[in-house]
Structure formats: structure tokens, C-alpha cells
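*Asks:* Please find one structure pasted underneath; my questions will follow.
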Amino acid sequence: YLQERQAKNYDEEYKLVLKSNPHRVLYGRNLSFRDMTYLIFTPTLLYELNEPRHKKVRWTRVFQGFLGLYVTFFSLVFYFMQICYPALKNHALNSYDCYIQILVPGFICWFLIFLVFFVFKLPIMGELTRHKNKRFFGDWWNARDFAQFWRKWNLPVHEWCIRHVYQEIIATFTISKKSAKLLVFVVSAVFHEVMAMYISNTWIPYEFFAMFSQAPLVLFLSYLQLSAKFSNLFVWILPVLGPAFGFVVYLRD
């Protein structure tokens with residue numbers, strides 16, 4: 001009887017909510033294949049019952065996004081296959097010469113990958129699902145330390161780490177916030193290594209150590225108390241020197 005009464009009260013509450021806001025969803029009514037599919041294609045890792053959405057798909061922006069995605073992705077594939085790949089497979093070059101040869105092309109490929117995912121692909125998914133939140137990255141190019149760089153580089157993953165890693169660690173264990181942030185770095189480093197291992201079909205823990213080693217560098221930069229320009233210049237070492245080194249380590253035979 002109590003279960004039937006609770007179900008009846010829930011149905012009455014749901015009808016009242018629908019009268020005030022026809023598009024609002026209450027928990028229990030969202031456990032459907034449609035909602036699961038929507039979460040998969042929405043450019044976010046955090047599920048919300050009622051997210052702000054556009055009234056209709058803006059097809060002009062979708063077309064512009066697909067055009068930019070096509071041009072950028074084609075440029076990435078062409079640039080990598082014509083410049084980086086031949087150098088990586090050239091056994092006449094030692095690893096150091098190969099690294100120097102693809103240093104600038106590696107940085108350009110890294111930047112094109114950023115454009116493909118964060119400037120074109122995710123906004124397209126947002127437009128098709130009518131998702132209002134189109135902020136997928138911050139001004140990472142102005143970051144003063146590596147922690148700030150990673151917070152602004154990938155906002156969907158950063159928000160997921162805050163809710164499901166950082167806040168869960170704080171709530172479960174009696175540790176300081178600095179220790180919790182360090183553990184978030186460890187989790188992020190593991191995920192980066194798994195992705196690199198999947199792409200290259202080999203296990204070399206370079207990506208893990210490269211990611212995790214940035215934690216003491218954050219403390220080092222804060223200890224030096226450099227000006228904003230010098231700190232930002234130090235941070236730019238990562239995207240300029242890192243991609244080519246990763247290509248040589250993971251993709252060179």
C-alpha cells in the first residue's frame with residue numbers, strides 16, 4: 001500500500017512539474033534508452049537531469065563546423081603522413097635527428113588535433129544535441145603553471161575530474177586538498193598512458209611519467225615566483241617540445 005501511495009504521489013508531483021515546465025525531467029523518468037543515447041552524444045561527461053538546451057538545431061553552424069572539421073582533419077592527416085611519418089620510419093636517422101626534424105611539425109600536428117576536437121568536433125555535437133554549453137576549453141595559452149594549463153586545456157574532462165575524482169577523494173578520505181590534487185594528477189596520468197598505449201599498441205610509460213612529473217614542476221614554479229610572462233613561457237615548453245618526443249617514443253620502430 002505504501003509503495004502504491006508513493007508511486008501515486010510521485011505521478012501527481014510529476015504532472016504538476018510538467019504543467020509548470022513541460023520540458024523538465026525528474027529522476028526516474030530519465031532512465032531510458034533515449035536519455036542514455038543523448039548522454040553519449042552530448043559533449044559533456046557530466047550527466048544532468050535538466051540541462052539548458054536550444055529550441056532547435058542551428059544547421060548553419062553545423063555546416064560551418066563540418067566544413068572546418070573536414071579541412072582541419074585533412075590537413076592533419078596530410079601533414080603527418082607527408083612530413084612526420086617518413087621521418088619516423090627513416091632508419092637512416094637516429095632518434096635525436098628524427099626528433100629535431102619533426103619538432104616543429106609535431107607541434108603543428110598537436111595544435112591541429114586541438115582544433116579538430118575542441119574547436120570543431122565538440123561544438124558540432126553540441127549543436128546536434130542542442131546543448132547550450134559550448135565552452136570546451138579556456139585560455140590555456142595564457143596559463144602560468146601546468147596545473148592551470150590542464151584545467152583550461154580540456155574543460156569537460158576537468159569538470160569530470162572535479163566531481164568524480166577530486167570531490168570523491170575529499171569526501172571519502174581524510175587527506176588535504178593538495179594530496180587530493182596530486183591523486184587527480186595520478187589518475188589523469190594513468191588515463192593518458194592508456195590512450196597512448198592503445199594508439200601505439202605498445203606500453204612505454206613515458207606518457208605517465210611525463211604527466212605525473214608536472215606535479216613537482218607546479219610546486220617549483222610557485223617557489224620561484226616568476227612573473228606572468230616568464231611562467232607562461234615555461235609552460236609553453238610542454239606543447240612545443242612534448243609532441244615530437246612522444247611521436248619518437250611511441251611511433252618510431
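Residues in the C-alpha cells are numbered from 1 in each chain, the chains being A, B, ... in the order shown, and ligands are numbered from 1 in the order shown.
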Neighbours of Lys178 in chain A within 12 Å (only C-alpha atoms; same-chain residues fewer than 4 positions away dropped), as a compact mmCIF listing (two decimals) with N, CA and C atoms, in the first residue's frame?
*Replies:*
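Final output, saved to selection_33.txt:
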# COMPACT_ATOMS: atom_id res chain seq x y z
N ALA A 147 49.38 23.14 -13.84
CA ALA A 147 48.07 22.83 -13.28
C ALA A 147 46.99 23.68 -13.94
N TYR A 166 38.20 14.29 -7.59
CA TYR A 166 38.65 15.19 -6.53
C TYR A 166 37.66 15.23 -5.37
N ILE A 169 37.41 11.92 -3.50
CA ILE A 169 38.57 11.68 -2.64
C ILE A 169 38.46 12.49 -1.35
N ILE A 170 38.05 13.76 -1.47
CA ILE A 170 37.89 14.61 -0.29
C ILE A 170 36.81 14.05 0.64
N THR A 174 40.36 11.28 4.60
CA THR A 174 40.71 12.47 5.36
C THR A 174 42.12 12.91 4.97
N LEU A 182 47.06 15.92 -6.08
CA LEU A 182 48.12 15.04 -6.55
C LEU A 182 47.55 13.71 -7.04
N LEU A 183 46.57 13.18 -6.33
CA LEU A 183 45.94 11.94 -6.76
C LEU A 183 45.18 12.11 -8.07
N VAL A 184 44.61 13.29 -8.28
CA VAL A 184 43.95 13.58 -9.56
C VAL A 184 44.97 13.55 -10.69
N PHE A 185 46.17 14.10 -10.43
CA PHE A 185 47.25 14.03 -11.42
C PHE A 185 47.60 12.57 -11.73
N ALA A 215 53.55 17.60 -11.66
CA ALA A 215 53.12 17.97 -10.32
C ALA A 215 54.24 18.68 -9.54
N PRO A 216 55.47 18.11 -9.46
CA PRO A 216 56.55 18.86 -8.78
C PRO A 216 56.94 20.13 -9.53
N VAL A 218 54.88 22.19 -10.85
CA VAL A 218 53.95 23.21 -10.38
C VAL A 218 54.46 23.84 -9.09
N LEU A 219 54.94 22.99 -8.17
CA LEU A 219 55.50 23.49 -6.91
C LEU A 219 56.77 24.29 -7.17
*Asks:* Name the residues in contact with range 28-42 of chain A at a cut-off of 8 Å, using only C-alpha atoms, excluding same-chain residues fewer than 6 positions from it; report them as a list in words.
*Replies:*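 In the requested form, the answer reads Leu49, Met125, Gly126, Thr129 and His131 of chain A.
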*Asks:* For the selection you just gave me, I'd like the residues written to a file as a PDB file, in the first residue's frame, keeping N, CA and C atoms.
*Replies:*
ATOM      1  N   LEU A  49      20.060  16.205 -15.011  1.00  0.00           N
ATOM      2  CA  LEU A  49      18.672  15.917 -15.332  1.00  0.00           C
ATOM      3  C   LEU A  49      18.095  16.931 -16.309  1.00  0.00           C
ATOM      4  N   MET A 125      28.806  18.395 -32.051  1.00  0.00           N
ATOM      5  CA  MET A 125      27.985  17.525 -31.211  1.00  0.00           C
ATOM      6  C   MET A 125      27.043  18.345 -30.336  1.00  0.00           C
ATOM      7  N   GLY A 126      27.534  19.494 -29.849  1.00  0.00           N
ATOM      8  CA  GLY A 126      26.687  20.361 -29.046  1.00  0.00           C
ATOM      9  C   GLY A 126      25.523  20.936 -29.835  1.00  0.00           C
ATOM     10  N   THR A 129      22.867  18.106 -30.594  1.00  0.00           N
ATOM     11  CA  THR A 129      22.092  17.729 -29.407  1.00  0.00           C
ATOM     12  C   THR A 129      21.430  18.932 -28.740  1.00  0.00           C
ATOM     13  N   HIS A 131      22.736  21.315 -27.158  1.00  0.00           N
ATOM     14  CA  HIS A 131      23.353  21.573 -25.858  1.00  0.00           C
ATOM     15  C   HIS A 131      23.871  23.007 -25.823  1.00  0.00           C
TER      16      HIS A 131
END
*Asks:* So how far away is CA of Phe212 in chain A from CA of Lys121 in chain A, in Å?
*Replies:*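 That distance, rounded to one decimal, is 28.0 Å.
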*Asks:* Quick one: DSSP helix (DSSP H, G or I) residues in range 4-150 of chain A, as an MDAnalysis selection string?
*Replies:* chainID A and resid 4:20 33:41 59:88 95:101 103:128 140:142 146:150
